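Peer 1: Hey, dropping start_25.cif in here, mmCIF, C-alpha atoms:
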data_input
loop_
_atom_site.label_atom_id
_atom_site.label_comp_id
_atom_site.auth_asym_id
_atom_site.auth_seq_id
_atom_site.Cartn_x
_atom_site.Cartn_y
_atom_site.Cartn_z
CA MET A 1 -28.74 54.76 -102.11
CA GLY A 2 -26.72 52.05 -100.49
CA VAL A 3 -26.59 51.20 -96.82
CA MET A 4 -23.76 51.36 -94.32
CA ARG A 5 -23.53 47.87 -92.87
CA LEU A 6 -21.33 46.53 -90.10
CA TYR A 7 -19.90 43.11 -90.92
CA MET A 8 -18.42 41.31 -87.91
CA THR A 9 -17.85 37.77 -86.74
CA VAL A 10 -18.59 37.36 -83.04
CA SER A 11 -18.68 34.53 -80.57
CA LEU A 12 -21.99 33.99 -78.78
CA ASP A 13 -20.44 35.78 -75.80
CA GLY A 14 -19.71 38.82 -77.95
CA TYR A 15 -15.99 38.66 -78.68
CA VAL A 16 -14.35 39.51 -82.00
CA ALA A 17 -10.90 38.32 -80.90
CA GLY A 18 -9.39 36.30 -78.08
CA PRO A 19 -7.30 37.83 -75.30
CA ASP A 20 -3.93 39.50 -75.92
CA ASP A 21 -4.54 40.51 -79.52
CA GLY A 22 -1.85 42.57 -81.23
CA VAL A 23 -0.01 43.00 -84.51
CA ASP A 24 1.75 39.67 -83.98
CA ALA A 25 -1.47 37.89 -82.95
CA PRO A 26 -4.26 39.77 -84.74
CA MET A 27 -7.01 37.49 -83.47
CA GLY A 28 -5.63 37.09 -79.97
CA ALA A 29 -5.21 33.76 -78.21
CA GLY A 30 -7.49 31.21 -79.86
CA GLY A 31 -9.40 33.85 -81.78
CA PHE A 32 -8.98 32.23 -85.17
CA ARG A 33 -11.69 29.82 -84.07
CA LEU A 34 -14.09 32.58 -85.14
CA PHE A 35 -13.04 32.37 -88.78
CA ASN A 36 -13.72 28.68 -89.42
CA TRP A 37 -17.01 29.56 -91.10
CA LEU A 38 -15.03 31.37 -93.79
CA ASP A 39 -13.77 27.98 -94.96
CA ARG A 40 -17.19 27.78 -96.67
CA ARG A 41 -17.05 31.22 -98.20
CA ASP A 42 -16.60 30.00 -101.77
CA GLU A 43 -19.34 27.39 -101.59
CA PRO A 44 -23.07 27.66 -102.11
CA GLY A 45 -25.09 28.11 -98.93
CA PRO A 46 -25.61 30.83 -96.38
CA SER A 47 -21.96 31.59 -95.69
CA GLY A 48 -21.10 31.79 -99.40
CA LEU A 49 -24.01 34.16 -99.96
CA VAL A 50 -23.05 36.43 -97.11
CA PHE A 51 -19.43 36.49 -98.23
CA VAL A 52 -20.39 37.45 -101.79
CA GLU A 53 -22.54 40.28 -100.41
CA MET A 54 -19.66 41.49 -98.26
CA MET A 55 -17.31 41.48 -101.22
CA SER A 56 -19.85 43.40 -103.27
CA THR A 57 -19.68 46.43 -101.02
CA ARG A 58 -18.21 49.46 -102.76
CA ALA A 59 -16.31 51.07 -99.91
CA VAL A 60 -14.83 49.97 -96.58
CA ILE A 61 -14.56 51.75 -93.23
CA ALA A 62 -12.27 50.32 -90.58
CA GLY A 63 -10.52 51.52 -87.46
CA ARG A 64 -6.80 51.89 -87.16
CA ARG A 65 -6.28 48.81 -85.00
CA THR A 66 -8.11 46.50 -87.38
CA TYR A 67 -6.25 48.00 -90.31
CA GLU A 68 -2.82 47.53 -88.74
CA HIS A 69 -3.65 44.04 -87.45
CA ALA A 70 -4.70 43.06 -90.95
CA GLY A 71 -1.36 44.19 -92.39
CA ARG A 72 -3.13 47.18 -93.97
CA TRP A 73 -4.65 44.66 -96.41
CA GLN A 74 -1.65 45.61 -98.54
CA GLY A 75 -3.70 48.58 -99.63
CA ASP A 76 -6.59 46.59 -101.12
CA HIS A 77 -9.41 45.09 -99.04
CA HIS A 78 -11.30 43.82 -102.09
CA ASP A 79 -11.55 44.84 -105.75
CA GLY A 80 -9.63 48.02 -105.09
CA VAL A 81 -12.65 49.75 -103.53
CA PRO A 82 -11.83 52.84 -101.47
CA VAL A 83 -10.88 52.04 -97.87
CA PHE A 84 -11.39 54.72 -95.22
CA ILE A 85 -9.39 54.32 -92.04
CA LEU A 86 -10.71 56.17 -89.02
CA THR A 87 -7.70 57.27 -86.99
CA HIS A 88 -6.79 59.96 -84.46
CA ASP A 89 -3.18 59.87 -85.56
CA VAL A 90 -2.61 59.93 -89.32
CA PRO A 91 0.56 57.99 -90.26
CA ASP A 92 3.38 59.99 -91.80
CA ASP A 93 3.88 57.64 -94.71
CA PRO A 94 1.45 57.91 -97.63
CA PRO A 95 -1.46 55.45 -97.48
CA PRO A 96 -1.09 52.36 -99.67
CA GLY A 97 -3.36 51.52 -102.59
CA SER A 98 -6.93 52.72 -102.24
CA VAL A 99 -6.61 53.67 -98.55
CA HIS A 100 -7.59 57.08 -97.17
CA TYR A 101 -7.03 58.30 -93.60
CA VAL A 102 -9.84 60.27 -91.98
CA THR A 103 -9.88 61.71 -88.47
CA ASP A 104 -13.54 62.74 -88.13
CA VAL A 105 -16.20 60.07 -87.83
CA HIS A 106 -18.93 61.97 -89.69
CA GLU A 107 -16.53 63.00 -92.42
CA CYS A 108 -15.39 59.39 -92.72
CA ALA A 109 -19.00 58.23 -93.15
CA ARG A 110 -19.73 60.98 -95.69
CA GLN A 111 -16.71 60.16 -97.82
CA ALA A 112 -17.38 56.43 -97.75
CA ARG A 113 -21.04 56.85 -98.72
CA ALA A 114 -20.06 59.17 -101.53
CA ALA A 115 -17.39 56.75 -102.76
CA ALA A 116 -19.79 53.80 -102.69
CA GLY A 117 -22.39 55.62 -104.76
CA ASP A 118 -25.37 53.28 -105.11
CA GLY A 119 -23.40 50.48 -103.47
CA ASP A 120 -23.19 49.52 -99.83
CA VAL A 121 -20.45 50.47 -97.38
CA MET A 122 -18.82 47.77 -95.27
CA VAL A 123 -17.87 48.82 -91.73
CA HIS A 124 -15.36 46.50 -90.09
CA GLY A 125 -13.69 46.24 -86.70
CA ALA A 126 -14.90 46.84 -83.15
CA GLY A 127 -13.45 50.36 -82.91
CA ALA A 128 -15.04 51.55 -86.15
CA ALA A 129 -18.29 49.85 -85.18
CA GLN A 130 -18.44 51.64 -81.84
CA ALA A 131 -17.53 55.02 -83.33
CA MET A 132 -20.01 54.72 -86.18
CA LEU A 133 -22.79 53.44 -83.91
CA GLN A 134 -22.31 56.34 -81.50
CA ALA A 135 -22.36 58.74 -84.45
CA GLY A 136 -25.65 57.23 -85.61
CA GLN A 137 -24.14 56.30 -88.96
CA ILE A 138 -24.72 52.53 -89.05
CA ASP A 139 -27.78 51.46 -91.05
CA GLU A 140 -27.49 47.70 -90.64
CA LEU A 141 -25.58 45.06 -88.68
CA GLU A 142 -24.58 41.73 -90.24
CA LEU A 143 -23.37 39.60 -87.35
CA HIS A 144 -21.84 36.20 -88.00
CA VAL A 145 -22.57 34.55 -84.65
CA VAL A 146 -20.26 31.60 -84.04
CA PRO A 147 -21.48 28.89 -81.64
CA VAL A 148 -18.64 29.17 -79.18
CA LEU A 149 -17.91 31.01 -75.95
CA LEU A 150 -14.40 32.46 -75.98
CA GLY A 151 -14.62 33.54 -72.36
CA GLN A 152 -12.28 36.48 -72.75
CA GLY A 153 -11.03 38.78 -75.46
CA ARG A 154 -11.96 41.93 -77.31
CA ARG A 155 -15.67 42.71 -77.35
CA LEU A 156 -17.60 44.04 -80.31
CA PHE A 157 -20.04 46.06 -78.22
CA ASP A 158 -18.10 47.86 -75.53
CA HIS A 159 -17.56 51.40 -74.27
CA LEU A 160 -20.96 52.44 -75.63
CA PRO A 161 -23.20 54.91 -73.83
CA ALA A 162 -26.26 53.67 -71.94
CA GLU A 163 -28.60 54.52 -74.79
CA GLN A 164 -31.03 51.99 -76.16
CA VAL A 165 -30.77 51.41 -79.88
CA GLU A 166 -33.70 49.48 -81.25
CA LEU A 167 -33.00 46.95 -83.98
CA GLU A 168 -35.18 45.00 -86.39
CA LEU A 169 -34.19 41.58 -87.66
CA LEU A 170 -34.10 41.63 -91.46
CA ARG A 171 -32.72 38.16 -92.09
CA ARG A 172 -31.52 35.07 -90.25
CA LEU A 173 -29.43 32.54 -92.14
CA THR A 174 -28.34 29.37 -90.38
CA THR A 175 -25.86 26.92 -91.87
CA PRO A 176 -27.21 23.40 -92.42
CA ASP A 177 -26.58 20.72 -89.81
CA VAL A 178 -24.60 18.64 -92.31
CA GLU A 179 -21.72 21.07 -92.10
CA GLU A 180 -18.77 20.53 -89.80
CA PRO A 181 -19.69 21.82 -86.33
CA ALA A 182 -16.74 24.23 -86.35
CA GLN A 183 -17.91 25.76 -89.64
CA ARG A 184 -21.48 26.41 -88.55
CA VAL A 185 -22.59 29.96 -87.97
CA THR A 186 -25.77 32.04 -87.71
CA HIS A 187 -25.84 35.16 -89.85
CA LEU A 188 -28.14 37.76 -88.30
CA ARG A 189 -28.90 40.92 -90.21
CA TYR A 190 -30.46 43.80 -88.28
CA ARG A 191 -31.64 47.20 -89.34
CA VAL A 192 -30.93 50.04 -86.91
CA ARG A 193 -34.25 51.71 -86.16
CA ARG A 194 -33.94 55.44 -85.91
CA PRO A 195 -36.40 57.36 -83.76
CA MET B 196 -32.07 34.19 -70.34
CA SER B 197 -33.33 37.24 -72.27
CA MET B 198 -30.29 39.02 -73.69
CA SER B 199 -29.78 42.09 -75.83
CA VAL B 200 -27.78 41.78 -79.06
CA ASP B 201 -24.90 43.47 -77.23
CA GLY B 202 -24.99 40.82 -74.52
CA PHE B 203 -26.78 42.46 -71.59
CA ILE B 204 -29.38 40.83 -69.37
CA ALA B 205 -30.06 43.98 -67.36
CA GLY B 206 -29.50 47.67 -67.80
CA PRO B 207 -27.16 49.75 -65.63
CA HIS B 208 -27.79 50.38 -61.93
CA ASP B 209 -29.64 47.14 -61.31
CA GLY B 210 -30.37 46.30 -57.71
CA PRO B 211 -33.17 46.08 -55.18
CA GLY B 212 -36.23 47.91 -56.52
CA ASN B 213 -34.67 48.08 -59.97
CA GLY B 214 -34.13 44.41 -60.68
CA LEU B 215 -33.63 44.74 -64.42
CA GLY B 216 -31.64 47.98 -64.24
CA ASP B 217 -32.36 51.18 -66.11
CA GLY B 218 -34.28 50.36 -69.26
CA GLY B 219 -33.80 46.65 -68.70
CA HIS B 220 -37.53 45.91 -68.81
CA ARG B 221 -37.14 46.16 -72.59
CA LEU B 222 -35.53 42.72 -72.45
CA HIS B 223 -38.54 41.15 -70.78
CA ALA B 224 -41.18 43.04 -72.73
CA TRP B 225 -41.67 40.04 -75.02
CA PHE B 226 -43.34 38.11 -72.20
CA LEU B 227 -44.36 40.82 -69.72
CA GLY B 228 -45.67 43.47 -72.07
CA SER B 229 -44.23 46.93 -72.24
CA GLU B 230 -44.99 47.79 -68.63
CA TYR B 231 -45.12 45.82 -65.42
CA GLY B 232 -48.38 45.17 -63.67
CA GLU B 233 -50.41 42.98 -65.99
CA HIS B 234 -48.20 39.92 -66.20
CA LYS B 235 -50.90 37.33 -65.96
CA GLU B 236 -53.04 38.79 -68.70
CA TYR B 237 -50.07 39.33 -70.99
CA PHE B 238 -48.85 35.77 -70.51
CA GLY B 239 -52.05 34.49 -72.03
CA THR B 240 -51.59 36.56 -75.16
CA LEU B 241 -48.20 35.10 -76.12
CA ASP B 242 -48.28 33.39 -79.46
CA GLY B 243 -46.10 31.62 -81.97
CA ALA B 244 -42.64 30.65 -80.87
CA ASN B 245 -42.90 32.94 -77.84
CA ARG B 246 -45.76 30.83 -76.52
CA GLU B 247 -43.93 27.60 -77.31
CA VAL B 248 -40.71 28.67 -75.60
CA MET B 249 -42.52 30.02 -72.55
CA ASP B 250 -44.53 26.81 -72.25
CA GLU B 251 -41.29 24.83 -72.30
CA LEU B 252 -39.84 27.03 -69.60
CA MET B 253 -42.95 26.64 -67.47
CA SER B 254 -42.92 22.85 -67.82
CA THR B 255 -39.49 22.39 -66.28
CA GLY B 256 -39.44 20.26 -63.14
CA ALA B 257 -37.00 22.25 -60.98
CA VAL B 258 -35.30 25.62 -60.88
CA VAL B 259 -31.67 26.45 -60.09
CA VAL B 260 -31.14 30.14 -59.49
CA GLY B 261 -28.48 32.41 -58.06
CA ARG B 262 -29.23 34.15 -54.81
CA ARG B 263 -28.98 37.59 -56.38
CA THR B 264 -31.52 36.84 -59.10
CA PHE B 265 -33.75 35.04 -56.60
CA GLU B 266 -33.81 37.95 -54.17
CA LEU B 267 -34.24 40.60 -56.87
CA ALA B 268 -37.28 38.63 -58.00
CA GLY B 269 -38.62 38.65 -54.43
CA GLY B 270 -38.07 34.92 -54.27
CA TRP B 271 -41.17 34.53 -56.46
CA ASN B 272 -42.92 34.10 -53.11
CA GLY B 273 -41.44 30.63 -53.01
CA ASP B 274 -43.10 29.48 -56.22
CA HIS B 275 -41.57 30.08 -59.63
CA HIS B 276 -44.15 27.92 -61.39
CA ASP B 277 -46.36 25.02 -60.38
CA GLY B 278 -44.61 24.73 -57.03
CA VAL B 279 -41.59 22.93 -58.48
CA PRO B 280 -38.54 22.76 -56.17
CA ILE B 281 -36.23 25.77 -56.25
CA PHE B 282 -32.53 25.44 -55.52
CA VAL B 283 -30.83 28.70 -54.63
CA LEU B 284 -27.08 28.93 -55.05
CA SER B 285 -25.56 30.86 -52.17
CA ARG B 286 -22.60 30.71 -49.83
CA ARG B 287 -24.36 32.78 -47.18
CA PRO B 288 -27.13 31.70 -44.81
CA PRO B 289 -30.64 32.37 -46.12
CA ASP B 290 -32.48 35.60 -45.39
CA PRO B 291 -35.31 34.49 -43.05
CA ALA B 292 -37.78 36.42 -45.23
CA MET B 293 -36.69 34.32 -48.20
CA ARG B 294 -37.25 30.94 -46.57
CA HIS B 295 -40.05 29.00 -48.15
CA PRO B 296 -41.04 25.36 -48.27
CA GLY B 297 -39.71 23.98 -51.52
CA VAL B 298 -36.74 26.34 -51.54
CA THR B 299 -33.35 24.79 -50.76
CA TYR B 300 -30.11 26.72 -50.35
CA LEU B 301 -26.92 25.09 -51.61
CA SER B 302 -23.42 26.47 -51.89
CA ASP B 303 -22.00 24.33 -54.68
CA VAL B 304 -23.25 24.54 -58.24
CA THR B 305 -22.58 20.88 -58.99
CA ASP B 306 -24.52 19.82 -55.89
CA ALA B 307 -27.35 22.19 -56.81
CA MET B 308 -27.58 20.87 -60.35
CA ARG B 309 -27.51 17.26 -59.19
CA ALA B 310 -30.22 17.90 -56.61
CA ALA B 311 -32.34 19.74 -59.16
CA LYS B 312 -31.99 17.00 -61.76
CA ASP B 313 -32.99 14.41 -59.19
CA ALA B 314 -35.99 16.49 -58.16
CA ALA B 315 -37.05 17.12 -61.76
CA GLY B 316 -37.11 13.44 -62.65
CA ASP B 317 -37.84 13.13 -66.36
CA LYS B 318 -38.34 16.86 -66.73
CA ASP B 319 -35.75 19.49 -67.55
CA VAL B 320 -34.15 21.91 -65.09
CA LEU B 321 -34.46 25.65 -65.54
CA VAL B 322 -31.21 27.45 -64.72
CA HIS B 323 -31.54 31.16 -64.23
CA GLY B 324 -29.21 34.05 -63.47
CA ALA B 325 -25.95 35.17 -65.07
CA LEU B 326 -23.57 34.16 -62.31
CA THR B 327 -25.21 30.76 -61.90
CA ALA B 328 -24.96 30.21 -65.64
CA ARG B 329 -21.24 31.02 -65.58
CA LEU B 330 -20.57 28.79 -62.58
CA ALA B 331 -22.51 25.94 -64.18
CA LEU B 332 -20.62 26.38 -67.46
CA ALA B 333 -17.28 26.47 -65.68
CA ALA B 334 -18.17 23.34 -63.71
CA GLY B 335 -19.30 21.57 -66.88
CA VAL B 336 -22.78 20.91 -65.52
CA LEU B 337 -24.85 22.96 -67.97
CA ASP B 338 -26.35 21.00 -70.88
CA GLU B 339 -28.04 23.70 -72.93
CA LEU B 340 -28.41 27.45 -73.29
CA GLN B 341 -31.73 29.00 -74.29
CA ILE B 342 -31.06 32.58 -75.31
CA HIS B 343 -33.97 34.90 -75.97
CA LEU B 344 -32.12 37.35 -78.21
CA VAL B 345 -33.83 40.72 -78.05
CA PRO B 346 -33.18 43.07 -81.00
CA VAL B 347 -31.88 46.01 -79.05
CA LEU B 348 -28.53 47.42 -77.97
CA LEU B 349 -28.53 48.58 -74.34
CA GLY B 350 -25.00 49.98 -74.40
CA GLN B 351 -24.39 49.39 -70.69
CA GLY B 352 -25.59 47.06 -68.00
CA ARG B 353 -25.02 43.59 -66.64
CA ARG B 354 -23.69 41.06 -69.12
CA LEU B 355 -24.68 37.42 -69.31
CA PHE B 356 -21.14 36.34 -70.22
CA ASP B 357 -18.55 38.17 -68.15
CA ASP B 358 -15.56 37.32 -65.96
CA MET B 359 -15.26 33.90 -67.56
CA PRO B 360 -12.03 31.94 -67.86
CA PRO B 361 -10.38 32.11 -71.31
CA ASP B 362 -11.42 28.55 -72.10
CA HIS B 363 -13.43 27.91 -75.22
CA VAL B 364 -16.83 26.33 -74.72
CA GLU B 365 -17.98 24.81 -78.00
CA LEU B 366 -21.70 24.94 -78.67
CA GLU B 367 -24.09 23.49 -81.21
CA LEU B 368 -27.16 25.38 -82.33
CA LEU B 369 -30.08 23.02 -81.74
CA ARG B 370 -32.91 25.33 -82.70
CA ALA B 371 -33.43 28.87 -83.91
CA VAL B 372 -36.97 30.19 -84.01
CA ASP B 373 -38.33 33.66 -84.52
CA GLY B 374 -41.02 34.74 -82.11
CA PRO B 375 -42.88 37.97 -82.52
CA GLY B 376 -40.20 40.55 -81.80
CA LEU B 377 -37.17 38.39 -80.99
CA GLN B 378 -35.15 35.28 -81.77
CA HIS B 379 -34.95 32.20 -79.55
CA LEU B 380 -31.64 30.40 -79.94
CA ARG B 381 -31.07 27.09 -78.23
CA TYR B 382 -27.54 25.74 -77.99
CA ARG B 383 -26.19 22.48 -76.69
CA VAL B 384 -22.87 22.55 -74.82
CA ARG B 385 -20.58 20.19 -76.72
CA THR B 386 -18.56 18.09 -74.35
CA GLU B 387 -17.00 15.61 -76.77
CA GLY B 388 -13.61 16.45 -78.33
#
Translate this structure into structure tokens?
Peer 2:
Amino acid sequence: MGVMRLYMTVSLDGYVAGPDDGVDAPMGAGGFRLFNWLDRRDEPGPSGLVFVEMMSTRAVIAGRRTYEHAGRWQGDHHDGVPVFILTHDVPDDPPPGSVHYVTDVHECARQARAAAGDGDVMVHGAGAAQAMLQAGQIDELELHVVPVLLGQGRRLFDHLPAEQVELELLRRLTTPDVEEPAQRVTHLRYRVRRP
Amino acid sequence: MSMSVDGFIAGPHDGPGNGLGDGGHRLHAWFLGSEYGEHKEYFGTLDGANREVMDELMSTGAVVVGRRTFELAGGWNGDHHDGVPIFVLSRRPPDPAMRHPGVTYLSDVTDAMRAAKDAAGDKDVLVHGALTARLALAAGVLDELQIHLVPVLLGQGRRLFDDMPPDHVELELLRAVDGPGLQHLRYRVRTEG
């Protein structure tokens, strides 16, 4: 059985976007700084490996905000795999491409796991991450930690209850020093330890 | 600073008598053991990168600390380690109970850092406390960050990076080492272009 893994790029101070993010500025002010590491996504090395793994997932879960900010991925996040959008307010128009709208977090997780079969499920976006973490559905976290402090913006870990969740580091990949400073990143993979 | 993966350096409700907040001792368990009370013995059992990083910390030549952190720690009875000078950042007059030889109160972070660097000579300066870290970053007087990244989510508490201006601070990872039970990440603050 596959795992449900959160994939998110974060600054060292925990932001996934700069301030004032919206449909017209999906990464907020200055937030595109976080994506410089993706310039190396098609090359050998840690970032290329992590990107290939991400694109090998067989289903995607995202929150409504991420989905809209990303232009609904034009209905296809990658390879036409099923995309499950967690939303309180299902749009009236039919979902594009391989997208499904789901209102219940556990139902969303169940459908995505079933769709992925033996493959992994990619969870994306701060809202989906928080909902899935609270529901105890996340198996692993893959955090792309960018060596920058944004200072302000949208946090990945926010609005969570004061409950300790123990993690276990499974893998740490650090880009080599020869790379451009702006493209360096530390990929930390954690397993969520369940009591 | 010891920080959870979700960015907290203390649990909720931190304050006098509960310095690390509810559940916050988890963040310091890597060097204090799972419970308070046997610090000295536990210190001696540190190994691997945890030993190395703690030895580095304990060989710094001066300490700069915020008043809040200093007082929650009971002022370390005036001696953080080896009697090195301690510079406490505060805009208020000192609490008489927290006056010690070797402890100097200063109101400006740049002054405190300069005084600490002078006092440390060839040695490094240990900067401790979230607010002090932010002030030092904002003033451009912090050279490096040593984050002890503890594999836990606390959910709530006091964050290391909070209430900062929306200015990017570029960093460079100098060293990443895995100790038993956590990761030690050392970053340099990049000041050039």
Peer 1: Find the residues of chain B in contact range of chain A, meaning any atom within 7 Å when counting only C-alpha atoms, and list them as number ranges by chain.
Peer 2: B: 201-202, 346-351, 356, 359-368
Peer 1: Taking the file as shown, find all residues satisfying the PyMOL selection byres ((chain A and resi 81-86) around 8) and write them as an NGL selection string.
Peer 2: :A and (58-64 or 67 or 76-80 or 87-88 or 98-105 or 108 or 112 or 115 or 128)
Peer 1: Starting from the displayed file, determine the output of the PyMOL selection byres ((chain B and resi 285) around 12) and express the residue list as a PyMOL selection string.
Peer 2: chain B and resi 259-266+282-284+286-290+299-304+306-307+326-327+330
Peer 1: So, counting all atoms listed in the file, which residue among A:Ser11, A:Thr57, A:Pro94, A:Gln130 is closest to Gly117 of chain A?
Peer 2: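 Closest to Gly117 of chain A of all the choices is A:Thr57.
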Peer 1: Report the distance between atom CA of Arg221 of chain B and atom CA of Leu355 of chain B in Å, rounded to one decimal place.
Peer 2: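 That distance, rounded to one decimal, is 15.6 Å.
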Peer 1: With all atoms listed in the file as the counted atoms, please give the residues lying no more than 10 Å from Thr255 of chain B, apart from itself and same-chain residues fewer than 5 positions off, as a PDB file with C-alpha atoms, in the frame of the given file.
Peer 2:
ATOM      1  CA  ASP B 250     -44.530  26.810 -72.250  1.00  0.00           C
ATOM      2  CA  HIS B 276     -44.150  27.920 -61.390  1.00  0.00           C
ATOM      3  CA  ASP B 277     -46.360  25.020 -60.380  1.00  0.00           C
ATOM      4  CA  VAL B 279     -41.590  22.930 -58.480  1.00  0.00           C
ATOM      5  CA  ALA B 315     -37.050  17.120 -61.760  1.00  0.00           C
ATOM      6  CA  GLY B 316     -37.110  13.440 -62.650  1.00  0.00           C
ATOM      7  CA  ASP B 317     -37.840  13.130 -66.360  1.00  0.00           C
ATOM      8  CA  LYS B 318     -38.340  16.860 -66.730  1.00  0.00           C
ATOM      9  CA  ASP B 319     -35.750  19.490 -67.550  1.00  0.00           C
ATOM     10  CA  VAL B 320     -34.150  21.910 -65.090  1.00  0.00           C
ATOM     11  CA  LEU B 321     -34.460  25.650 -65.540  1.00  0.00           C
ATOM     12  CA  VAL B 322     -31.210  27.450 -64.720  1.00  0.00           C
TER      13      VAL B 322
END
Peer 1: Kindly give the distance, in Å, that separates atom CA of Val145 of chain A and atom CA of Ala371 of chain B, rounded to a single decimal.
Peer 2: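 Between atom CA of Val145 of chain A and atom CA of Ala371 of chain B the gap is 12.3 Å.
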Peer 1: Leaving out Val372 of chain B and any residue of its chain fewer than 4 positions from it, which residues lie within 12 Å of it when counting all atoms listed in the file, given as a PyMOL selection string?
Peer 2: (chain A and resi 172-174+186) or (chain B and resi 243-248+341-344+368+376-381)
Peer 1: When the PyMOL selection byres ((chain B and resi 209) around 12) is applied to the file above, which residues end up in the set, as a PDB file with C-alpha atoms, in the coordinates of the input?
Peer 2:
ATOM      1  CA  PHE B 203     -26.780  42.460 -71.590  1.00  0.00           C
ATOM      2  CA  ILE B 204     -29.380  40.830 -69.370  1.00  0.00           C
ATOM      3  CA  ALA B 205     -30.060  43.980 -67.360  1.00  0.00           C
ATOM      4  CA  GLY B 206     -29.500  47.670 -67.800  1.00  0.00           C
ATOM      5  CA  PRO B 207     -27.160  49.750 -65.630  1.00  0.00           C
ATOM      6  CA  HIS B 208     -27.790  50.380 -61.930  1.00  0.00           C
ATOM      7  CA  GLY B 210     -30.370  46.300 -57.710  1.00  0.00           C
ATOM      8  CA  PRO B 211     -33.170  46.080 -55.180  1.00  0.00           C
ATOM      9  CA  GLY B 212     -36.230  47.910 -56.520  1.00  0.00           C
ATOM     10  CA  ASN B 213     -34.670  48.080 -59.970  1.00  0.00           C
ATOM     11  CA  GLY B 214     -34.130  44.410 -60.680  1.00  0.00           C
ATOM     12  CA  LEU B 215     -33.630  44.740 -64.420  1.00  0.00           C
ATOM     13  CA  GLY B 216     -31.640  47.980 -64.240  1.00  0.00           C
ATOM     14  CA  ASP B 217     -32.360  51.180 -66.110  1.00  0.00           C
ATOM     15  CA  GLY B 218     -34.280  50.360 -69.260  1.00  0.00           C
ATOM     16  CA  GLY B 219     -33.800  46.650 -68.700  1.00  0.00           C
ATOM     17  CA  HIS B 220     -37.530  45.910 -68.810  1.00  0.00           C
ATOM     18  CA  ARG B 263     -28.980  37.590 -56.380  1.00  0.00           C
ATOM     19  CA  THR B 264     -31.520  36.840 -59.100  1.00  0.00           C
ATOM     20  CA  LEU B 267     -34.240  40.600 -56.870  1.00  0.00           C
ATOM     21  CA  ALA B 268     -37.280  38.630 -58.000  1.00  0.00           C
ATOM     22  CA  GLN B 351     -24.390  49.390 -70.690  1.00  0.00           C
ATOM     23  CA  GLY B 352     -25.590  47.060 -68.000  1.00  0.00           C
ATOM     24  CA  ARG B 353     -25.020  43.590 -66.640  1.00  0.00           C
ATOM     25  CA  ARG B 354     -23.690  41.060 -69.120  1.00  0.00           C
TER      26      ARG B 354
END
Peer 1: Work out how far atom CA of Arg5 of chain A is from atom CA of Met122 of chain A, in Å to one decimal.
Peer 2: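 Going from atom CA of Met122 of chain A over to atom CA of Arg5 of chain A covers 5.3 Å.
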Peer 1: Go through A:Arg72, A:Asp120, A:Met132, A:Trp37 one by one, measure the shortest atom-to-atom distance of each to Glu179 of chain A using only C-alpha atoms, and give the residue with the smallest value.
Peer 2: A:Trp37
Peer 1: Please, could N, CA and C atoms be added to segment 341-351 of chain B and the result written as a tab-separated table (two decimals), keeping the file's coordinate frame?
Peer 2:
chain	number	residue	atom	x	y	z
B	341	GLN	N	-30.61	28.46	-73.54
B	341	GLN	CA	-31.73	29.00	-74.29
B	341	GLN	C	-31.64	30.52	-74.18
B	342	ILE	N	-31.23	31.13	-75.29
B	342	ILE	CA	-31.06	32.58	-75.31
B	342	ILE	C	-32.25	33.20	-76.02
B	343	HIS	N	-32.91	34.12	-75.34
B	343	HIS	CA	-33.97	34.90	-75.97
B	343	HIS	C	-33.29	36.20	-76.43
B	344	LEU	N	-32.96	36.27	-77.72
B	344	LEU	CA	-32.12	37.35	-78.21
B	344	LEU	C	-32.99	38.53	-78.65
B	345	VAL	N	-32.93	39.58	-77.85
B	345	VAL	CA	-33.83	40.72	-78.05
B	345	VAL	C	-33.15	41.76	-78.95
B	346	PRO	N	-33.82	42.17	-80.03
B	346	PRO	CA	-33.18	43.07	-81.00
B	346	PRO	C	-33.07	44.50	-80.50
B	347	VAL	N	-32.14	44.68	-79.59
B	347	VAL	CA	-31.88	46.01	-79.05
B	347	VAL	C	-30.43	46.04	-78.56
B	348	LEU	N	-29.82	47.20	-78.62
B	348	LEU	CA	-28.53	47.42	-77.97
B	348	LEU	C	-28.80	48.26	-76.72
B	349	LEU	N	-28.34	47.79	-75.57
B	349	LEU	CA	-28.53	48.58	-74.34
B	349	LEU	C	-27.34	49.50	-74.07
B	350	GLY	N	-26.18	49.13	-74.58
B	350	GLY	CA	-25.00	49.98	-74.40
B	350	GLY	C	-24.25	49.71	-73.11
B	351	GLN	N	-24.98	49.64	-72.00
B	351	GLN	CA	-24.39	49.39	-70.69
B	351	GLN	C	-25.32	48.49	-69.90
